[in-house]
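Raw run_14.cif, mmCIF, C-alpha atoms and all ligand atoms; chains and numbers go by the auth columns:
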data_coords
#
loop_
_atom_site.group_PDB
_atom_site.id
_atom_site.type_symbol
_atom_site.label_atom_id
_atom_site.label_comp_id
_atom_site.label_asym_id
_atom_site.label_seq_id
_atom_site.Cartn_x
_atom_site.Cartn_y
_atom_site.Cartn_z
_atom_site.B_iso_or_equiv
_atom_site.auth_seq_id
_atom_site.auth_asym_id
ATOM 1 C CA MET A 1 115.769 -16.259 146.317 0.00 458 A
ATOM 2 C CA ARG A 2 118.110 -13.684 144.707 0.00 459 A
ATOM 3 C CA GLN A 3 119.115 -15.030 141.324 0.00 460 A
ATOM 4 C CA ALA A 4 121.876 -13.790 139.063 0.00 461 A
ATOM 5 C CA THR A 5 123.075 -15.058 135.722 0.00 462 A
ATOM 6 C CA ILE A 6 126.823 -14.807 135.282 0.00 463 A
ATOM 7 C CA PRO A 7 128.581 -15.086 131.922 0.00 464 A
ATOM 8 C CA ALA A 8 131.087 -17.931 132.090 0.00 465 A
ATOM 9 C CA ASP A 9 133.007 -20.489 130.086 0.00 466 A
ATOM 10 C CA PRO A 10 131.659 -22.914 128.872 0.00 467 A
ATOM 11 C CA ASN A 11 128.212 -21.374 129.469 0.00 468 A
ATOM 12 C CA PRO A 12 126.435 -18.755 131.591 0.00 469 A
ATOM 13 C CA VAL A 13 125.512 -19.891 135.078 0.00 470 A
ATOM 14 C CA THR A 14 122.428 -18.899 137.056 0.00 471 A
ATOM 15 C CA ILE A 15 123.062 -18.862 140.789 0.00 472 A
ATOM 16 C CA ASP A 16 121.084 -18.176 143.949 0.00 473 A
ATOM 17 C CA LEU A 17 123.087 -15.544 145.818 0.00 474 A
ATOM 18 C CA ASP A 18 121.584 -16.700 149.113 0.00 475 A
ATOM 19 C CA ARG A 19 123.154 -20.124 148.543 0.00 476 A
ATOM 20 C CA THR A 20 126.501 -18.842 147.259 0.00 477 A
ATOM 21 C CA ALA A 21 129.760 -18.453 149.168 0.00 478 A
ATOM 22 C CA LEU A 22 132.975 -16.685 148.242 0.00 479 A
ATOM 23 C CA VAL A 23 135.946 -18.904 149.128 0.00 480 A
ATOM 24 C CA VAL A 24 139.281 -17.087 149.171 0.00 481 A
ATOM 25 C CA ILE A 25 142.145 -19.547 149.026 0.00 482 A
ATOM 26 C CA ASP A 26 145.456 -18.992 150.852 0.00 483 A
ATOM 27 C CA MET A 27 146.074 -15.274 150.298 0.00 484 A
ATOM 28 C CA GLN A 28 148.820 -15.545 152.906 0.00 485 A
ATOM 29 C CA ARG A 29 152.056 -13.687 153.378 0.00 486 A
ATOM 30 C CA ASP A 30 153.846 -17.059 153.044 0.00 487 A
ATOM 31 C CA PHE A 31 152.793 -17.255 149.395 0.00 488 A
ATOM 32 C CA LEU A 32 152.742 -13.583 148.378 0.00 489 A
ATOM 33 C CA GLU A 33 155.705 -12.001 150.167 0.00 490 A
ATOM 34 C CA PRO A 34 159.462 -12.563 149.949 0.00 491 A
ATOM 35 C CA GLY A 35 160.887 -14.842 152.631 0.00 492 A
ATOM 36 C CA GLY A 36 157.937 -17.230 152.870 0.00 493 A
ATOM 37 C CA PHE A 37 157.042 -20.690 151.627 0.00 494 A
ATOM 38 C CA GLY A 38 156.500 -19.653 147.998 0.00 495 A
ATOM 39 C CA ALA A 39 159.859 -17.942 147.799 0.00 496 A
ATOM 40 C CA ALA A 40 161.558 -20.859 149.582 0.00 497 A
ATOM 41 C CA LEU A 41 160.442 -23.085 146.709 0.00 498 A
ATOM 42 C CA GLY A 42 162.229 -20.780 144.280 0.00 499 A
ATOM 43 C CA ASN A 43 159.213 -18.892 142.987 0.00 500 A
ATOM 44 C CA ASP A 44 158.848 -15.259 141.933 0.00 501 A
ATOM 45 C CA VAL A 45 156.233 -14.282 144.502 0.00 502 A
ATOM 46 C CA SER A 46 155.513 -10.941 142.817 0.00 503 A
ATOM 47 C CA LYS A 47 153.507 -12.878 140.193 0.00 504 A
ATOM 48 C CA LEU A 48 150.697 -13.440 142.693 0.00 505 A
ATOM 49 C CA ALA A 49 150.036 -9.728 143.327 0.00 506 A
ATOM 50 C CA ARG A 50 147.776 -9.433 140.290 0.00 507 A
ATOM 51 C CA ALA A 51 144.993 -11.311 142.076 0.00 508 A
ATOM 52 C CA VAL A 52 144.837 -8.955 145.071 0.00 509 A
ATOM 53 C CA GLY A 53 142.787 -6.160 143.446 0.00 510 A
ATOM 54 C CA PRO A 54 140.184 -8.494 141.921 0.00 511 A
ATOM 55 C CA ILE A 55 139.831 -10.411 145.203 0.00 512 A
ATOM 56 C CA ALA A 56 139.341 -7.130 147.074 0.00 513 A
ATOM 57 C CA ALA A 57 136.546 -6.316 144.609 0.00 514 A
ATOM 58 C CA LEU A 58 134.949 -9.743 145.137 0.00 515 A
ATOM 59 C CA LEU A 59 135.148 -9.311 148.915 0.00 516 A
ATOM 60 C CA ALA A 60 133.438 -5.917 148.650 0.00 517 A
ATOM 61 C CA PHE A 61 130.741 -7.457 146.423 0.00 518 A
ATOM 62 C CA ALA A 62 130.200 -10.399 148.778 0.00 519 A
ATOM 63 C CA ARG A 63 130.078 -8.240 151.898 0.00 520 A
ATOM 64 C CA THR A 64 127.697 -5.704 150.325 0.00 521 A
ATOM 65 C CA ASN A 65 125.361 -8.449 149.141 0.00 522 A
ATOM 66 C CA GLY A 66 125.506 -10.615 152.254 0.00 523 A
ATOM 67 C CA LEU A 67 127.256 -13.636 150.729 0.00 524 A
ATOM 68 C CA LEU A 68 129.047 -15.994 153.075 0.00 525 A
ATOM 69 C CA VAL A 69 132.797 -15.358 152.862 0.00 526 A
ATOM 70 C CA VAL A 70 135.249 -18.095 153.847 0.00 527 A
ATOM 71 C CA HIS A 71 139.009 -17.615 153.923 0.00 528 A
ATOM 72 C CA THR A 72 141.481 -20.495 153.925 0.00 529 A
ATOM 73 C CA ARG A 73 145.080 -20.741 155.062 0.00 530 A
ATOM 74 C CA GLU A 74 147.517 -23.541 154.315 0.00 531 A
ATOM 75 C CA GLY A 75 149.754 -24.336 157.248 0.00 532 A
ATOM 76 C CA HIS A 76 150.721 -26.719 159.988 0.00 533 A
ATOM 77 C CA ARG A 77 150.727 -27.144 163.732 0.00 534 A
ATOM 78 C CA PRO A 78 153.893 -25.838 165.402 0.00 535 A
ATOM 79 C CA ASP A 79 154.894 -29.434 166.218 0.00 536 A
ATOM 80 C CA LEU A 80 154.383 -30.357 162.515 0.00 537 A
ATOM 81 C CA ALA A 81 152.481 -33.468 163.612 0.00 538 A
ATOM 82 C CA ASP A 82 149.933 -32.804 160.839 0.00 539 A
ATOM 83 C CA ALA A 83 152.556 -32.333 158.125 0.00 540 A
ATOM 84 C CA PRO A 84 153.336 -35.391 156.005 0.00 541 A
ATOM 85 C CA PRO A 85 157.096 -36.057 156.164 0.00 542 A
ATOM 86 C CA LEU A 86 157.257 -36.121 152.369 0.00 543 A
ATOM 87 C CA LYS A 87 155.880 -32.561 152.311 0.00 544 A
ATOM 88 C CA VAL A 88 158.320 -31.325 154.964 0.00 545 A
ATOM 89 C CA GLU A 89 161.378 -33.005 153.494 0.00 546 A
ATOM 90 C CA ARG A 90 161.198 -31.207 150.144 0.00 547 A
ATOM 91 C CA GLY A 91 163.865 -28.656 149.325 0.00 548 A
ATOM 92 C CA ASP A 92 166.713 -26.974 151.165 0.00 549 A
ATOM 93 C CA PRO A 93 166.599 -27.897 154.911 0.00 550 A
ATOM 94 C CA ALA A 94 167.145 -24.244 155.852 0.00 551 A
ATOM 95 C CA LEU A 95 164.033 -23.255 153.899 0.00 552 A
ATOM 96 C CA ARG A 96 161.692 -26.126 154.684 0.00 553 A
ATOM 97 C CA ILE A 97 158.289 -26.070 156.344 0.00 554 A
ATOM 98 C CA GLY A 98 158.988 -25.335 160.008 0.00 555 A
ATOM 99 C CA ALA A 99 162.353 -23.636 159.362 0.00 556 A
ATOM 100 C CA CYS A 100 162.819 -20.073 160.648 0.00 557 A
ATOM 101 C CA GLY A 101 162.491 -17.370 158.012 0.00 558 A
ATOM 102 C CA PRO A 102 162.062 -13.601 158.043 0.00 559 A
ATOM 103 C CA MET A 103 158.310 -14.014 158.668 0.00 560 A
ATOM 104 C CA GLY A 104 158.719 -16.652 161.363 0.00 561 A
ATOM 105 C CA ARG A 105 158.593 -20.422 160.926 0.00 562 A
ATOM 106 C CA ILE A 106 157.654 -21.272 157.347 0.00 563 A
ATOM 107 C CA LEU A 107 154.040 -22.383 156.820 0.00 564 A
ATOM 108 C CA VAL A 108 153.390 -22.771 160.542 0.00 565 A
ATOM 109 C CA ARG A 109 150.152 -21.619 162.165 0.00 566 A
ATOM 110 C CA GLY A 110 150.464 -18.588 164.402 0.00 567 A
ATOM 111 C CA GLU A 111 153.545 -17.236 162.629 0.00 568 A
ATOM 112 C CA PRO A 112 153.446 -13.867 160.787 0.00 569 A
ATOM 113 C CA GLY A 113 153.954 -15.558 157.411 0.00 570 A
ATOM 114 C CA HIS A 114 150.848 -17.673 157.935 0.00 571 A
ATOM 115 C CA ASP A 115 148.646 -14.573 158.162 0.00 572 A
ATOM 116 C CA ILE A 116 146.399 -13.426 155.348 0.00 573 A
ATOM 117 C CA ILE A 117 147.822 -10.292 153.714 0.00 574 A
ATOM 118 C CA PRO A 118 146.454 -7.123 155.348 0.00 575 A
ATOM 119 C CA GLU A 119 144.702 -5.898 152.161 0.00 576 A
ATOM 120 C CA LEU A 120 142.441 -8.977 152.238 0.00 577 A
ATOM 121 C CA ALA A 121 142.108 -9.422 155.993 0.00 578 A
ATOM 122 C CA PRO A 122 139.011 -11.345 157.079 0.00 579 A
ATOM 123 C CA ALA A 123 136.186 -9.198 158.434 0.00 580 A
ATOM 124 C CA PRO A 124 134.780 -10.031 161.877 0.00 581 A
ATOM 125 C CA GLY A 125 132.565 -13.116 161.649 0.00 582 A
ATOM 126 C CA GLU A 126 134.036 -14.473 158.417 0.00 583 A
ATOM 127 C CA PRO A 127 135.194 -18.061 158.958 0.00 584 A
ATOM 128 C CA VAL A 128 138.887 -18.770 158.451 0.00 585 A
ATOM 129 C CA VAL A 129 139.584 -22.426 157.647 0.00 586 A
ATOM 130 C CA ASP A 130 143.063 -23.699 158.432 0.00 587 A
ATOM 131 C CA LYS A 131 144.012 -26.581 156.202 0.00 588 A
ATOM 132 C CA PRO A 132 146.994 -28.921 156.300 0.00 589 A
ATOM 133 C CA GLY A 133 146.724 -29.845 152.624 0.00 590 A
ATOM 134 C CA LYS A 134 146.152 -28.252 149.272 0.00 591 A
ATOM 135 C CA GLY A 135 142.412 -28.885 149.156 0.00 592 A
ATOM 136 C CA ALA A 136 140.198 -26.829 151.472 0.00 593 A
ATOM 137 C CA PHE A 137 137.936 -29.813 152.262 0.00 594 A
ATOM 138 C CA TYR A 138 140.709 -32.197 153.299 0.00 595 A
ATOM 139 C CA GLU A 139 140.766 -32.583 157.106 0.00 596 A
ATOM 140 C CA THR A 140 138.839 -29.331 157.684 0.00 597 A
ATOM 141 C CA ASP A 141 135.334 -28.300 158.747 0.00 598 A
ATOM 142 C CA LEU A 142 134.615 -26.458 155.482 0.00 599 A
ATOM 143 C CA ALA A 143 131.895 -28.901 154.364 0.00 600 A
ATOM 144 C CA LEU A 144 130.128 -28.453 157.705 0.00 601 A
ATOM 145 C CA ILE A 145 130.321 -24.654 157.479 0.00 602 A
ATOM 146 C CA LEU A 146 128.893 -24.655 153.945 0.00 603 A
ATOM 147 C CA GLY A 147 126.241 -27.252 154.768 0.00 604 A
ATOM 148 C CA ASN A 148 124.971 -25.247 157.736 0.00 605 A
ATOM 149 C CA ARG A 149 124.331 -22.322 155.374 0.00 606 A
ATOM 150 C CA ARG A 150 122.846 -24.603 152.669 0.00 607 A
ATOM 151 C CA ILE A 151 125.426 -23.335 150.201 0.00 608 A
ATOM 152 C CA GLU A 152 125.181 -24.720 146.639 0.00 609 A
ATOM 153 C CA THR A 153 127.576 -22.524 144.670 0.00 610 A
ATOM 154 C CA LEU A 154 131.149 -21.542 145.445 0.00 611 A
ATOM 155 C CA ILE A 155 133.022 -18.627 143.930 0.00 612 A
ATOM 156 C CA VAL A 156 136.593 -19.868 144.356 0.00 613 A
ATOM 157 C CA CYS A 157 139.539 -17.485 144.000 0.00 614 A
ATOM 158 C CA GLY A 158 143.047 -17.102 145.410 0.00 615 A
ATOM 159 C CA VAL A 159 146.389 -18.794 144.982 0.00 616 A
ATOM 160 C CA THR A 160 147.754 -20.720 143.379 0.00 617 A
ATOM 161 C CA THR A 161 145.533 -21.490 140.421 0.00 618 A
ATOM 162 C CA GLU A 162 146.786 -24.963 139.636 0.00 619 A
ATOM 163 C CA VAL A 163 147.526 -26.076 143.193 0.00 620 A
ATOM 164 C CA CYS A 164 145.218 -25.063 146.044 0.00 621 A
ATOM 165 C CA VAL A 165 142.512 -23.395 143.948 0.00 622 A
ATOM 166 C CA HIS A 166 142.376 -26.363 141.568 0.00 623 A
ATOM 167 C CA THR A 167 142.456 -28.985 144.303 0.00 624 A
ATOM 168 C CA THR A 168 139.652 -27.215 146.164 0.00 625 A
ATOM 169 C CA VAL A 169 137.523 -26.857 143.025 0.00 626 A
ATOM 170 C CA ARG A 170 137.946 -30.552 142.271 0.00 627 A
ATOM 171 C CA GLU A 171 137.034 -31.498 145.834 0.00 628 A
ATOM 172 C CA ALA A 172 134.013 -29.178 145.760 0.00 629 A
ATOM 173 C CA ASN A 173 132.837 -30.494 142.396 0.00 630 A
ATOM 174 C CA ASP A 174 132.940 -34.062 143.684 0.00 631 A
ATOM 175 C CA ARG A 175 130.860 -32.962 146.674 0.00 632 A
ATOM 176 C CA GLY A 176 128.149 -31.499 144.430 0.00 633 A
ATOM 177 C CA PHE A 177 128.989 -27.795 144.643 0.00 634 A
ATOM 178 C CA ARG A 178 128.740 -25.626 141.528 0.00 635 A
ATOM 179 C CA CYS A 179 132.072 -23.816 141.235 0.00 636 A
ATOM 180 C CA LEU A 180 132.582 -20.446 139.603 0.00 637 A
ATOM 181 C CA VAL A 181 136.223 -19.476 139.181 0.00 638 A
ATOM 182 C CA PRO A 182 137.040 -15.851 138.325 0.00 639 A
ATOM 183 C CA GLY A 183 140.335 -16.302 136.509 0.00 640 A
ATOM 184 C CA ASP A 184 141.624 -12.789 137.143 0.00 641 A
ATOM 185 C CA ALA A 185 141.163 -13.331 140.890 0.00 642 A
ATOM 186 C CA CYS A 186 143.467 -16.350 140.814 0.00 643 A
ATOM 187 C CA ALA A 187 147.211 -16.349 140.238 0.00 644 A
ATOM 188 C CA SER A 188 150.109 -18.717 139.798 0.00 645 A
ATOM 189 C CA TYR A 189 153.878 -18.498 139.832 0.00 646 A
ATOM 190 C CA PHE A 190 153.656 -20.051 136.349 0.00 647 A
ATOM 191 C CA ASP A 191 151.725 -18.250 133.618 0.00 648 A
ATOM 192 C CA GLU A 192 151.227 -21.416 131.599 0.00 649 A
ATOM 193 C CA PHE A 193 149.902 -23.397 134.574 0.00 650 A
ATOM 194 C CA HIS A 194 147.457 -20.582 135.362 0.00 651 A
ATOM 195 C CA ALA A 195 146.129 -20.551 131.804 0.00 652 A
ATOM 196 C CA VAL A 196 145.935 -24.328 131.457 0.00 653 A
ATOM 197 C CA GLY A 197 144.491 -24.705 134.956 0.00 654 A
ATOM 198 C CA LEU A 198 141.576 -22.464 134.036 0.00 655 A
ATOM 199 C CA ARG A 199 141.068 -24.242 130.727 0.00 656 A
ATOM 200 C CA MET A 200 140.992 -27.599 132.515 0.00 657 A
ATOM 201 C CA ILE A 201 138.179 -26.394 134.777 0.00 658 A
ATOM 202 C CA ALA A 202 135.953 -25.267 131.923 0.00 659 A
ATOM 203 C CA ALA A 203 136.796 -28.013 129.422 0.00 660 A
ATOM 204 C CA GLN A 204 134.453 -30.894 128.599 0.00 661 A
ATOM 205 C CA GLY A 205 131.319 -28.902 129.371 0.00 662 A
ATOM 206 C CA GLY A 206 132.680 -27.503 132.638 0.00 663 A
ATOM 207 C CA ILE A 207 134.047 -30.749 134.014 0.00 664 A
ATOM 208 C CA PHE A 208 135.148 -29.087 137.276 0.00 665 A
ATOM 209 C CA GLY A 209 133.305 -25.767 137.078 0.00 666 A
ATOM 210 C CA PHE A 210 132.808 -22.503 135.220 0.00 667 A
ATOM 211 C CA VAL A 211 135.436 -19.885 134.520 0.00 668 A
ATOM 212 C CA THR A 212 134.410 -16.266 134.661 0.00 669 A
ATOM 213 C CA THR A 213 135.813 -12.850 135.611 0.00 670 A
ATOM 214 C CA THR A 214 135.540 -10.620 138.629 0.00 671 A
ATOM 215 C CA GLY A 215 133.765 -7.979 136.529 0.00 672 A
ATOM 216 C CA ASP A 216 131.158 -10.459 135.348 0.00 673 A
ATOM 217 C CA ILE A 217 130.411 -11.439 138.952 0.00 674 A
ATOM 218 C CA THR A 218 130.310 -7.924 140.398 0.00 675 A
ATOM 219 C CA ALA A 219 128.079 -6.740 137.517 0.00 676 A
ATOM 220 C CA ALA A 220 125.611 -9.500 138.269 0.00 677 A
ATOM 221 C CA LEU A 221 123.442 -7.421 140.614 0.00 678 A
HETATM 222 C C1 LIG B . 150.983 -24.166 147.134 0.00 1 B
HETATM 223 C C2 LIG B . 148.831 -23.136 147.395 0.00 1 B
HETATM 224 N N1 LIG B . 151.130 -23.706 145.894 0.00 1 B
HETATM 225 N N2 LIG B . 148.157 -22.390 148.250 0.00 1 B
HETATM 226 N N3 LIG B . 149.912 -23.813 147.886 0.00 1 B
HETATM 227 O O1 LIG B . 151.826 -24.891 147.619 0.00 1 B
HETATM 228 O O2 LIG B . 148.531 -23.199 146.225 0.00 1 B
#

Represent the structure of the file as structure tokens.
Ligand code: C5J
Amino acid sequence: MRQATIPADPNPVTIDLDRTALVVIDMQRDFLEPGGFGAALGNDVSKLARAVGPIAALLAFARTNGLLVVHTREGHRPDLADAPPLKVERGDPALRIGACGPMGRILVRGEPGHDIIPELAPAPGEPVVDKPGKGAFYETDLALILGNRRIETLIVCGVTTEVCVHTTVREANDRGFRCLVPGDACASYFDEFHAVGLRMIAAQGGIFGFVTTTGDITAAL
């Protein structure tokens, strides 16, 4: 057992690094670059760039210390059969899920926009979980992947804080995983949602998990 105690809000957390996974949520071109899904919804995608450096540091930490790394991608089958109509029908028809944009069809698997940004590309052997929803457990094999490695603790980072990161943390918490969320390695199009999203995780004694920083995690060993 390789234990580390990590300062966090509302209290420090002691974790077993051999039972800890880094889960990087949706660091895809569709959310971070102009012309993708995030931009189609009217967002300033440049606001997500701040998480890239901290996530790169977490990836280096995880790879150096042999932690399981899992990447997720939100997206849909090319025939959109797995996309709820209510999700597809939102917004301008020319900019909807499945419409053609500068990075290919928006939020569709196999298209350039669906790829993880090159700076954070998965290393060989790191599982990539494709998810049709906001939560990484919903209709995916993530629970099986984590169970096979007897993972107990998740370090969850990525975008966006209050949507896919939050949904995944809530799902994980209900499934009995201890969640550590490095706030600087998460980002939102909305500063206030980012701040409140983190506070909601740590409130009430850590009702969904524990909020920390990238530096506090990488200094742990
Ligand atoms: C959103 C996500 N914001 N990855 N997806 O629609 O958070």

Report task. Counting all atoms listed in the file, name the residues that have an atom within 9 Å of an atom of ligand LIG 1 (chain B); the answer should be given as number ranges by chain. Result -> A: 482-485, 488, 494-495, 498, 529-531, 590-592, 615-624, 645-646

Requested in this report: Report the residues retrieved by the PyMOL selection byres (((chain A and resi 480) around 9) and not hetatm) from the displayed file, expressed as number ranges by chain.
Outcome: A: 478-479, 481-482, 525-529, 611-615

Requested in this report: Rank A:Pro491, A:Pro467, A:Gly558, A:Pro550 by their smallest atom-to-atom distance to Arg656 of chain A, using all atoms listed in the file, and report the top residue only.
Outcome: A:Pro467

Query - Test item: residues at most 9 Å from Ala600 of chain A, all atoms listed in the file, excluding those fewer than 6 positions along its chain, as a list in words - result: Phe594, Ala629 and Arg632 of chain A

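Atom CA of Leu577 of chain A is found 25.3 Å from atom CA of Pro464 of chain A.
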
**Report entry** Ref. answer, residues at most 12 Å from (154.1, -20.0, 166.7) with all atoms listed in the file, as a list in words
**Finding:** Gly532, His533, Arg534, Pro535, Asp536, Leu537, Gly555, Ala556, Cys557, Met560, Gly561, Arg562, Ile563, Leu564, Val565, Arg566, Gly567, Glu568, Pro569, Gly570, His571 and Asp572 of chain A

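Among the candidate residues A:Val585, A:Ala676, A:Ala551, A:Leu524, the one lying nearest to Thr477 of chain A is A:Leu524, with distances computed using all atoms listed in the file.
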
Query raised in the report: Can you list what the PyMOL selection byres (((chain A and resi 669) around 8) and not hetatm) grabs from this structure, as number ranges by chain?
Result: A: 463-466, 637-640, 667-668, 670-671, 673-674

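In this model, the gap between atom CA of Arg520 of chain A and atom CA of Leu655 of chain A comes to 25.6 Å.
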
Once you've located segment 529-546 of chain A in the structure I gave, write it as a compact mmCIF listing (two decimals), in the first residue's frame, keeping N, CA and C atoms.
# COMPACT_ATOMS: atom_id res chain seq x y z
N THR A 529 -12.28 10.35 -20.61
CA THR A 529 -13.63 10.22 -21.14
C THR A 529 -13.84 11.19 -22.29
N ARG A 530 -14.80 10.82 -23.12
CA ARG A 530 -15.22 11.71 -24.23
C ARG A 530 -16.74 11.67 -24.30
N GLU A 531 -17.34 12.85 -24.36
CA GLU A 531 -18.79 12.90 -24.60
C GLU A 531 -19.02 12.93 -26.11
N GLY A 532 -19.94 12.10 -26.56
CA GLY A 532 -20.23 12.10 -28.00
C GLY A 532 -21.20 11.00 -28.36
N HIS A 533 -21.58 10.99 -29.61
CA HIS A 533 -22.64 10.08 -30.06
C HIS A 533 -22.26 9.29 -31.29
N ARG A 534 -22.98 8.20 -31.49
CA ARG A 534 -22.81 7.39 -32.69
C ARG A 534 -23.11 8.25 -33.92
N PRO A 535 -22.50 7.95 -35.04
CA PRO A 535 -22.78 8.74 -36.25
C PRO A 535 -24.25 8.75 -36.64
N ASP A 536 -24.99 7.66 -36.32
CA ASP A 536 -26.42 7.67 -36.65
C ASP A 536 -27.27 8.35 -35.58
N LEU A 537 -26.63 8.84 -34.53
CA LEU A 537 -27.28 9.56 -33.42
C LEU A 537 -28.34 8.72 -32.69
N ALA A 538 -28.30 7.41 -32.89
CA ALA A 538 -29.31 6.56 -32.26
C ALA A 538 -29.20 6.58 -30.74
N ASP A 539 -28.04 6.96 -30.22
CA ASP A 539 -27.85 7.00 -28.76
C ASP A 539 -28.03 8.42 -28.20
N ALA A 540 -28.47 9.33 -29.02
CA ALA A 540 -28.62 10.72 -28.58
C ALA A 540 -30.09 11.01 -28.32
N PRO A 541 -30.45 11.36 -27.09
CA PRO A 541 -31.86 11.68 -26.83
C PRO A 541 -32.31 12.84 -27.72
N PRO A 542 -33.48 12.73 -28.35
CA PRO A 542 -33.95 13.81 -29.22
C PRO A 542 -33.94 15.17 -28.53
N LEU A 543 -34.27 15.20 -27.24
CA LEU A 543 -34.29 16.49 -26.54
C LEU A 543 -32.91 17.12 -26.47
N LYS A 544 -31.86 16.27 -26.46
CA LYS A 544 -30.49 16.79 -26.44
C LYS A 544 -30.11 17.32 -27.83
N VAL A 545 -30.53 16.60 -28.86
CA VAL A 545 -30.17 16.98 -30.23
C VAL A 545 -30.91 18.24 -30.67
N GLU A 546 -32.15 18.36 -30.22
CA GLU A 546 -33.00 19.43 -30.74
C GLU A 546 -32.71 20.81 -30.18
